[in-house]
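Shown here: my_file-v8.txt, compact mmCIF, C-alpha atoms and all ligand atoms.
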```
# COMPACT_ATOMS: atom_id res chain seq x y z
CA MET A 1 -3.30 29.05 18.89
CA SER A 2 -6.96 29.55 19.73
CA SER A 3 -6.81 32.94 17.99
CA LEU A 4 -6.24 31.20 14.64
CA GLU A 5 -9.27 31.34 12.38
CA ASN A 6 -10.10 28.10 10.61
CA ARG A 7 -12.13 28.25 7.41
CA GLN A 8 -13.83 24.94 6.63
CA PHE A 9 -16.05 23.40 3.97
CA LYS A 10 -18.59 21.06 5.58
CA LEU A 11 -20.80 18.79 3.49
CA ILE A 12 -24.41 19.65 4.29
CA SER A 13 -26.33 17.88 1.50
CA ARG A 14 -25.70 14.92 -0.79
CA PRO A 15 -25.19 16.29 -4.33
CA ARG A 16 -27.35 15.16 -7.23
CA GLY A 17 -25.25 15.18 -10.38
CA MET A 18 -22.53 17.79 -10.34
CA VAL A 19 -21.46 19.27 -7.00
CA LYS A 20 -22.88 22.70 -6.13
CA ARG A 21 -21.59 25.33 -3.68
CA SER A 22 -24.87 24.98 -1.79
CA ASP A 23 -23.98 21.34 -0.97
CA PHE A 24 -21.46 22.80 1.51
CA GLU A 25 -21.40 25.20 4.41
CA PHE A 26 -18.35 27.49 4.31
CA SER A 27 -17.79 28.71 7.85
CA THR A 28 -15.04 30.01 10.13
CA THR A 29 -14.34 28.64 13.59
CA PRO A 30 -11.35 28.91 15.97
CA ALA A 31 -8.61 26.38 15.10
CA PRO A 32 -8.84 23.34 17.41
CA GLN A 33 -6.13 22.31 19.90
CA PRO A 34 -4.24 19.02 19.48
CA GLY A 35 -4.79 16.35 22.16
CA PRO A 36 -2.32 13.62 23.22
CA GLY A 37 -0.69 11.93 20.20
CA GLU A 38 -2.01 14.66 17.92
CA VAL A 39 -0.54 17.61 16.00
CA LEU A 40 -1.99 20.82 14.61
CA VAL A 41 -1.21 21.20 10.90
CA LYS A 42 -1.39 24.43 8.92
CA VAL A 43 -2.66 23.23 5.56
CA LEU A 44 -0.70 24.56 2.57
CA TYR A 45 -2.00 22.51 -0.39
CA LEU A 46 -5.00 20.24 -0.83
CA SER A 47 -5.46 17.38 -3.25
CA LEU A 48 -8.64 17.54 -5.32
CA ASP A 49 -9.57 14.08 -6.57
CA PRO A 50 -12.33 12.63 -8.76
CA ALA A 51 -13.14 10.17 -5.95
CA MET A 52 -14.38 13.03 -3.77
CA ARG A 53 -17.66 12.92 -5.66
CA GLY A 54 -18.16 9.28 -4.60
CA TRP A 55 -17.28 10.05 -0.97
CA MET A 56 -20.24 12.47 -0.88
CA ASN A 57 -22.73 9.70 -1.76
CA GLU A 58 -24.62 7.66 0.80
CA GLY A 59 -24.01 3.94 0.66
CA ARG A 60 -21.36 1.25 0.79
CA SER A 61 -17.97 1.93 -0.80
CA TYR A 62 -14.31 1.34 -0.03
CA VAL A 63 -14.44 4.13 2.58
CA PRO A 64 -17.46 5.36 4.58
CA PRO A 65 -19.23 8.38 3.07
CA VAL A 66 -18.42 11.84 4.42
CA GLY A 67 -21.14 12.44 7.02
CA LEU A 68 -23.50 15.39 6.69
CA GLY A 69 -22.11 18.22 8.82
CA GLU A 70 -18.55 16.86 8.60
CA VAL A 71 -15.57 18.68 7.11
CA MET A 72 -15.14 17.51 3.51
CA ARG A 73 -12.49 14.78 3.36
CA ALA A 74 -9.29 15.57 1.44
CA GLY A 75 -5.61 14.77 1.40
CA GLY A 76 -3.29 17.66 2.07
CA VAL A 77 0.26 18.81 2.67
CA GLY A 78 1.02 21.17 5.51
CA ARG A 79 3.38 22.30 8.26
CA VAL A 80 3.16 21.17 11.88
CA ILE A 81 2.58 24.26 14.04
CA ALA A 82 1.87 22.54 17.38
CA SER A 83 2.77 19.01 18.43
CA ASN A 84 1.72 16.71 21.26
CA ASP A 85 3.66 13.74 19.93
CA SER A 86 7.41 13.17 19.98
CA ALA A 87 7.31 11.68 16.45
CA LEU A 88 6.61 15.09 14.85
CA ALA A 89 8.17 18.45 15.63
CA VAL A 90 6.94 21.97 14.97
CA GLY A 91 8.18 22.91 11.49
CA ASN A 92 7.93 19.39 10.04
CA TYR A 93 6.14 19.16 6.69
CA VAL A 94 3.61 16.35 6.53
CA VAL A 95 1.16 14.75 4.12
CA GLY A 96 -2.07 12.96 5.05
CA MET A 97 -5.81 13.44 5.37
CA THR A 98 -6.45 17.01 6.50
CA GLY A 99 -9.87 17.89 5.09
CA ILE A 100 -10.88 21.05 3.25
CA GLN A 101 -9.83 23.58 5.90
CA ASP A 102 -6.99 25.89 6.96
CA TYR A 103 -5.96 23.97 10.09
CA ALA A 104 -6.32 20.28 10.90
CA VAL A 105 -5.82 18.37 14.13
CA VAL A 106 -4.62 14.92 13.14
CA LYS A 107 -3.06 11.87 14.75
CA ALA A 108 0.72 12.15 14.41
CA ASN A 109 0.99 8.51 13.37
CA ALA A 110 -1.47 9.07 10.51
CA MET A 111 0.85 11.60 8.83
CA LYS A 112 3.97 11.05 6.73
CA THR A 113 6.81 13.56 6.73
CA VAL A 114 7.90 15.06 3.40
CA ASP A 115 10.85 17.24 2.49
CA PRO A 116 10.38 20.38 0.35
CA ARG A 117 14.12 20.31 -0.48
CA HIS A 118 13.63 17.04 -2.39
CA ALA A 119 10.53 18.02 -4.37
CA PRO A 120 8.03 20.89 -4.53
CA LEU A 121 5.36 20.28 -1.88
CA PRO A 122 2.42 19.87 -4.36
CA ARG A 123 4.28 16.93 -5.96
CA TYR A 124 3.71 14.93 -2.77
CA LEU A 125 0.00 15.08 -3.66
CA GLY A 126 0.71 14.00 -7.25
CA ALA A 127 3.52 11.89 -8.69
CA LEU A 128 5.11 11.26 -5.28
CA GLY A 129 1.75 10.75 -3.58
CA MET A 130 -1.51 8.89 -4.02
CA PRO A 131 -1.89 9.36 -7.82
CA GLY A 132 1.71 8.21 -8.34
CA MET A 133 1.10 5.07 -6.31
CA THR A 134 -2.15 4.48 -8.20
CA ALA A 135 -0.36 4.63 -11.54
CA TYR A 136 2.57 2.51 -10.41
CA PHE A 137 0.72 -0.36 -8.74
CA GLY A 138 -2.43 -0.17 -10.87
CA LEU A 139 -0.37 -0.63 -14.01
CA LEU A 140 2.53 -2.84 -12.92
CA ASP A 141 0.84 -5.03 -10.32
CA ILE A 142 -2.52 -5.49 -12.01
CA CYS A 143 -1.41 -5.62 -15.66
CA ASP A 144 2.29 -6.62 -15.67
CA PRO A 145 2.97 -5.01 -19.10
CA LYS A 146 5.66 -6.67 -21.21
CA PRO A 147 8.05 -4.97 -23.67
CA GLY A 148 6.46 -4.67 -27.10
CA GLU A 149 2.90 -4.98 -25.82
CA THR A 150 0.28 -2.37 -26.72
CA VAL A 151 -0.95 -0.36 -23.73
CA VAL A 152 -3.90 2.06 -23.91
CA VAL A 153 -4.58 4.56 -21.14
CA SER A 154 -7.55 6.91 -20.85
CA GLY A 155 -7.42 10.20 -18.95
CA ALA A 156 -3.91 10.22 -20.42
CA ALA A 157 -3.10 13.86 -19.60
CA GLY A 158 -4.41 13.63 -16.03
CA ALA A 159 -2.67 13.03 -12.72
CA VAL A 160 -2.78 9.22 -12.83
CA GLY A 161 -3.02 8.68 -16.59
CA ALA A 162 0.03 10.79 -17.49
CA LEU A 163 2.17 8.68 -15.17
CA VAL A 164 0.69 5.39 -16.39
CA GLY A 165 1.52 6.24 -20.01
CA GLN A 166 5.09 7.21 -19.17
CA ILE A 167 5.70 4.15 -16.96
CA ALA A 168 4.40 1.92 -19.76
CA LYS A 169 6.90 3.61 -22.12
CA ILE A 170 9.70 3.03 -19.58
CA LYS A 171 8.68 -0.66 -19.62
CA GLY A 172 9.16 -0.75 -23.41
CA CYS A 173 5.52 -0.83 -24.48
CA HIS A 174 3.77 0.75 -27.46
CA VAL A 175 1.54 3.28 -25.69
CA VAL A 176 -1.60 5.05 -26.88
CA GLY A 177 -3.19 7.76 -24.75
CA ILE A 178 -6.81 8.91 -24.90
CA ALA A 179 -7.49 12.51 -23.82
CA GLY A 180 -9.89 15.37 -24.44
CA GLY A 181 -8.84 18.09 -26.89
CA PRO A 182 -5.88 18.86 -29.15
CA GLU A 183 -3.77 20.60 -26.50
CA LYS A 184 -3.87 17.61 -24.15
CA CYS A 185 -3.19 15.22 -27.05
CA ARG A 186 -0.14 17.25 -28.12
CA TYR A 187 1.10 17.09 -24.53
CA VAL A 188 0.61 13.31 -24.44
CA THR A 189 2.73 12.63 -27.53
CA GLY A 190 5.12 15.59 -27.18
CA GLU A 191 6.01 16.18 -23.54
CA LEU A 192 5.07 12.72 -22.25
CA GLY A 193 6.48 10.83 -25.24
CA LEU A 194 3.61 8.40 -25.87
CA ASP A 195 3.45 6.83 -29.33
CA SER A 196 0.09 8.32 -30.24
CA ALA A 197 -2.91 10.09 -28.77
CA ILE A 198 -6.62 9.92 -29.51
CA ASP A 199 -8.81 12.97 -28.93
CA TYR A 200 -12.04 11.32 -27.79
CA LYS A 201 -13.89 14.62 -28.10
CA SER A 202 -13.31 14.98 -31.85
CA GLU A 203 -12.27 11.53 -33.13
CA ASP A 204 -14.08 8.27 -33.78
CA VAL A 205 -12.48 6.31 -30.90
CA PRO A 206 -13.09 2.74 -32.23
CA LYS A 207 -11.66 3.72 -35.63
CA ALA A 208 -8.63 5.48 -34.08
CA LEU A 209 -7.96 2.48 -31.82
CA ARG A 210 -7.98 0.15 -34.83
CA GLN A 211 -5.48 2.46 -36.53
CA HIS A 212 -3.11 2.89 -33.55
CA CYS A 213 -3.41 -0.65 -32.14
CA PRO A 214 -3.35 -2.89 -35.23
CA LYS A 215 -2.40 -5.99 -33.21
CA GLY A 216 -5.09 -5.40 -30.59
CA ILE A 217 -4.80 -4.05 -27.05
CA ASN A 218 -2.83 -6.08 -24.51
CA VAL A 219 -3.27 -3.73 -21.56
CA TYR A 220 -5.91 -1.10 -20.86
CA PHE A 221 -5.69 1.24 -17.86
CA ASP A 222 -9.21 2.60 -17.44
CA ASN A 223 -9.70 5.97 -15.77
CA VAL A 224 -12.98 6.91 -17.41
CA GLY A 225 -15.37 3.96 -18.02
CA GLY A 226 -18.44 4.49 -20.24
CA ASP A 227 -18.21 4.45 -24.03
CA ILE A 228 -14.39 4.55 -24.07
CA LEU A 229 -14.20 1.38 -21.97
CA ASP A 230 -16.60 -0.30 -24.40
CA ALA A 231 -14.55 0.79 -27.41
CA VAL A 232 -11.37 -0.65 -25.88
CA LEU A 233 -13.02 -3.91 -24.77
CA ALA A 234 -14.09 -4.51 -28.37
CA GLN A 235 -10.43 -4.49 -29.46
CA LEU A 236 -8.68 -6.52 -26.77
CA ALA A 237 -5.90 -8.91 -27.73
CA MET A 238 -5.76 -12.48 -26.46
CA LYS A 239 -4.97 -12.65 -22.69
CA ALA A 240 -5.41 -8.89 -22.30
CA ARG A 241 -5.43 -7.26 -18.86
CA VAL A 242 -7.71 -4.35 -17.98
CA SER A 243 -6.96 -2.34 -14.85
CA LEU A 244 -10.17 -0.84 -13.52
CA CYS A 245 -8.87 2.30 -11.82
CA GLY A 246 -11.82 4.68 -12.13
CA ALA A 247 -14.81 5.71 -14.22
CA ILE A 248 -14.96 9.49 -14.10
CA SER A 249 -17.47 9.64 -16.98
CA GLN A 250 -19.98 7.98 -14.63
CA TYR A 251 -19.48 9.76 -11.30
CA ASN A 252 -22.10 12.46 -11.88
CA ASN A 253 -24.60 10.29 -13.79
CA LEU A 254 -28.13 10.86 -12.55
CA GLU A 255 -29.29 7.62 -14.22
CA GLY A 256 -26.74 5.41 -12.42
CA THR A 257 -23.60 3.78 -13.77
CA GLN A 258 -23.48 2.66 -17.41
CA GLY A 259 -22.05 -0.86 -17.37
CA PRO A 260 -19.82 -2.30 -20.11
CA ARG A 261 -21.75 -3.66 -23.08
CA ASN A 262 -18.77 -5.41 -24.65
CA TYR A 263 -17.73 -7.50 -21.65
CA LEU A 264 -17.99 -10.77 -23.58
CA SER A 265 -14.75 -9.74 -25.25
CA LEU A 266 -13.14 -10.76 -21.93
CA LEU A 267 -14.47 -14.29 -22.47
CA ILE A 268 -13.59 -14.54 -26.14
CA ASN A 269 -10.04 -13.28 -25.53
CA ARG A 270 -9.48 -15.10 -22.20
CA ALA A 271 -8.87 -11.63 -20.82
CA ARG A 272 -9.06 -10.26 -17.29
CA MET A 273 -10.47 -7.04 -15.85
CA GLU A 274 -9.54 -6.25 -12.27
CA GLY A 275 -10.44 -3.39 -9.98
CA PHE A 276 -8.09 -2.07 -7.33
CA ILE A 277 -7.90 0.57 -4.61
CA VAL A 278 -4.53 2.22 -4.14
CA PHE A 279 -4.74 2.10 -0.33
CA ASP A 280 -4.38 -1.69 -0.52
CA TYR A 281 -0.77 -1.09 -1.55
CA ALA A 282 0.07 1.15 1.45
CA ALA A 283 2.63 -1.34 2.78
CA ARG A 284 4.51 -1.10 -0.55
CA TYR A 285 4.38 2.69 -1.09
CA SER A 286 8.10 3.10 -0.36
CA GLU A 287 8.83 0.85 -3.37
CA GLY A 288 6.59 2.98 -5.63
CA VAL A 289 7.93 6.30 -4.33
CA LYS A 290 11.53 5.13 -4.81
CA ALA A 291 10.88 4.08 -8.40
CA ILE A 292 8.99 7.25 -9.34
CA ALA A 293 11.47 9.57 -7.59
CA GLY A 294 14.28 7.77 -9.44
CA TRP A 295 12.60 8.17 -12.85
CA LEU A 296 11.88 11.84 -12.11
CA ALA A 297 15.53 12.42 -11.17
CA GLU A 298 16.73 10.65 -14.33
CA GLY A 299 14.39 12.75 -16.47
CA LYS A 300 12.51 9.64 -17.65
CA LEU A 301 9.26 10.78 -16.05
CA LYS A 302 7.63 14.20 -16.10
CA ALA A 303 5.17 15.45 -13.51
CA ARG A 304 2.84 18.38 -13.78
CA GLU A 305 0.58 20.04 -11.23
CA ASP A 306 -2.34 22.37 -11.94
CA ILE A 307 -2.43 24.68 -8.91
CA VAL A 308 -5.46 26.84 -8.19
CA ASP A 309 -5.22 29.48 -5.47
CA GLY A 310 -7.78 29.89 -2.71
CA LEU A 311 -9.49 27.53 -0.27
CA GLU A 312 -12.70 29.50 -0.81
CA THR A 313 -12.87 28.32 -4.46
CA PHE A 314 -13.13 24.63 -3.49
CA PRO A 315 -16.54 23.66 -4.97
CA GLU A 316 -15.92 25.36 -8.32
CA THR A 317 -12.30 24.18 -8.55
CA LEU A 318 -13.36 20.57 -7.91
CA LEU A 319 -15.65 20.77 -10.95
CA LYS A 320 -12.62 21.30 -13.19
CA LEU A 321 -11.96 17.55 -12.88
CA TYR A 322 -15.34 16.53 -14.26
CA ARG A 323 -15.21 19.15 -17.00
CA GLY A 324 -11.69 18.20 -18.10
CA GLU A 325 -10.41 21.68 -17.27
CA ASN A 326 -7.45 20.51 -15.17
CA PHE A 327 -4.09 19.89 -16.81
CA GLY A 328 -2.08 17.55 -14.58
CA LYS A 329 -2.66 16.91 -10.89
CA LEU A 330 -5.30 19.34 -9.57
CA VAL A 331 -4.11 21.01 -6.36
CA LEU A 332 -5.76 23.73 -4.30
CA LYS A 333 -3.31 26.19 -2.74
CA VAL A 334 -4.46 27.21 0.74
CA ALA A 335 -1.55 29.24 2.14
CA ASP A 336 1.97 30.40 1.31
CA GLU A 337 4.75 28.05 2.31
P1 LIG B 1 -7.36 13.53 -13.63
O1 LIG B 1 -7.19 12.53 -14.72
O2 LIG B 1 -6.22 14.42 -13.29
O3 LIG B 1 -8.60 14.47 -13.91
C1 LIG B 1 -9.79 13.95 -14.39
C2 LIG B 1 -9.79 13.94 -15.94
O4 LIG B 1 -10.80 13.05 -16.36
C3 LIG B 1 -10.16 15.25 -16.55
O5 LIG B 1 -9.08 16.14 -16.66
C4 LIG B 1 -10.70 14.83 -17.91
O6 LIG B 1 -9.65 14.77 -18.85
C5 LIG B 1 -11.18 13.40 -17.67
N1 LIG B 1 -12.64 13.33 -17.80
C6 LIG B 1 -13.56 14.05 -17.13
N2 LIG B 1 -14.80 13.70 -17.52
C7 LIG B 1 -14.64 12.77 -18.50
C8 LIG B 1 -15.55 12.04 -19.32
N3 LIG B 1 -16.87 12.20 -19.22
N4 LIG B 1 -15.04 11.16 -20.21
C9 LIG B 1 -13.71 10.98 -20.32
N5 LIG B 1 -12.80 11.64 -19.58
C10 LIG B 1 -13.27 12.52 -18.68
O7 LIG B 1 -7.81 12.74 -12.31
P2 LIG B 1 -6.98 11.63 -11.54
O8 LIG B 1 -6.86 12.05 -10.12
O9 LIG B 1 -5.77 11.29 -12.31
O10 LIG B 1 -7.98 10.39 -11.56
C11 LIG B 1 -8.13 9.61 -12.74
C12 LIG B 1 -9.02 8.40 -12.44
O11 LIG B 1 -8.37 7.56 -11.49
C13 LIG B 1 -10.38 8.74 -11.84
O12 LIG B 1 -11.35 7.90 -12.38
C14 LIG B 1 -10.19 8.44 -10.37
O13 LIG B 1 -11.39 8.17 -9.71
C15 LIG B 1 -9.28 7.24 -10.45
N6 LIG B 1 -8.47 6.94 -9.26
C16 LIG B 1 -8.58 5.69 -8.75
C17 LIG B 1 -7.82 5.32 -7.67
C18 LIG B 1 -7.91 3.93 -7.14
O14 LIG B 1 -7.39 3.64 -6.07
N7 LIG B 1 -8.56 3.02 -7.86
C19 LIG B 1 -6.95 6.25 -7.08
C20 LIG B 1 -6.85 7.53 -7.65
C21 LIG B 1 -7.62 7.87 -8.76
P3 LIG B 1 -9.94 15.06 -20.43
O15 LIG B 1 -9.80 16.52 -20.60
O16 LIG B 1 -8.91 14.25 -21.10
O17 LIG B 1 -11.34 14.61 -20.67
```

Represent the structure contained in this file as structure tokens.
Ligand code: NAP
Amino acid sequence: MSSLENRQFKLISRPRGMVKRSDFEFSTTPAPQPGPGEVLVKVLYLSLDPAMRGWMNEGRSYVPPVGLGEVMRAGGVGRVIASNDSALAVGNYVVGMTGIQDYAVVKANAMKTVDPRHAPLPRYLGALGMPGMTAYFGLLDICDPKPGETVVVSGAAGAVGALVGQIAKIKGCHVVGIAGGPEKCRYVTGELGLDSAIDYKSEDVPKALRQHCPKGINVYFDNVGGDILDAVLAQLAMKARVSLCGAISQYNNLEGTQGPRNYLSLLINRARMEGFIVFDYAARYSEGVKAIAGWLAEGKLKAREDIVDGLETFPETLLKLYRGENFGKLVLKVADE
């Protein structure tokens, strides 16, 4: 095993604004050996997530920052190629935190087995993985949408947002998606079956919201923050619920985070805005996976992955998220299955 060459991206400086290739060191070292209770995983696919930008910042968050000199943190799917733990055998496919590298030594009990006969492996990083759980619990647990209510979701063509919109439809809601560009908006109403879509890049969002949500907004699932959050807050219905999932429009802001201006709408409408972190629902993931797998099998839910080939492209591929260039769950392919 020591002859295996392991390419790695290590964070070497804290980015200012958008990530640059020079914020990382791309180097090759021999693949490490697993110790007791550990396995060596050959990484096949990596999950690229908007949150990675936050993990590169110094300071307090829901997880510690990636340390300078450390391999960049990332979730991945791979195959066990050496095992020092009876729970996992060579040949098992697993999902968990692997980092941006070809080979990862990980604790066996930190990995979950997945089956490529049940779903394509990249789907375990999307609808059947962390983004799927984010959509499921962030919508249903935080907002409890009722049939007939109006639900608005931003980032509606993305990994989380596309699932949120479809789950809200399954729950009998009137659903409006906000996305960037005509192609994504066509996808949101066509393929995903939402009632309408707003192209925030070319439309007047407050005006379009008034048109598509004439009775006000009962539920808002916020993936983007910024001006779109403000536009939605201004049109909340009484007792509305806002799920604060993310704020991608703010992650690369050099001037700091733009807070909501229209927050008094929460007071006027006796509404609630609640943040959540998907990992808090870890004990209930099996419930979310079962529901999503069932809807996928019944054809009620569609999943889409945007797969880019090549570990070496990591810094540039990550930027696709912040430029809106990904279409569905962004996955980096590292090696052939
Ligand atoms: P994604 O939606 O697949 O990709 C990001 C999308 O954000 C882009 O495709 C782009 O779509 C949109 N975007 C980028 N810059 C924007 C801007 N300035 N204004 C408006 N939209 C912009 O990513 P994802 O993995 O599903 O994540 C979505 C959100 O969920 C992120 O905020 C992420 O941090 C959050 N999240 C939170 C949790 C949690 O536990 N709370 C877990 C997972 C993800 P357009 O082309 O439509 O602009």

task = Please provide as a ChimeraX atom specification all residues within 10 Å of range 77-84 of chain A, with the sequence filter that same-chain residues fewer than 3 positions apart are discarded (counting only C-alpha atoms).
result = /A:1,33-47,87-98,102-108,111-114,121-125,333-335,337

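Between CA of Ala208 in chain A and CA of Thr257 in chain A the interatomic distance comes to 25.3 Å.
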
inquiry  = Which residues are near ligand LIG 1 (chain B) in this structure, taking near to mean any atom at most 8 Å from a ligand atom and counting all atoms listed in the file? Format them as a count of residues only.
reply    = 54

request  = Please provide the set of residues having any atom within 8 Å of Val232 in chain A, restricted to all atoms listed in the file, with same-chain residues fewer than 4 positions apart removed, written as a ChimeraX atom specification.
outcome  = /A:206,209,217,220,228,236

Contact residues around Val152 in chain A with all atoms listed in the file at 12 Å, ignoring same-chain residues under 4 positions, as a PyMOL selection string = chain A and resi 139+143+145+156+161-162+164-166+168-169+173-179+194-198+205+208-210+212-213+216-223+228-229+231-233+235-237+240-243

CA of Glu191 in chain A to CA of Gly148 in chain A, distance in Å rounded to a single decimal = 21.2 Å

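Among the candidates A:Lys171, A:Gly76, A:Tyr251, A:Gln8, the residue lying nearest to Met56 in chain A is A:Tyr251 (atoms considered: only C-alpha atoms).
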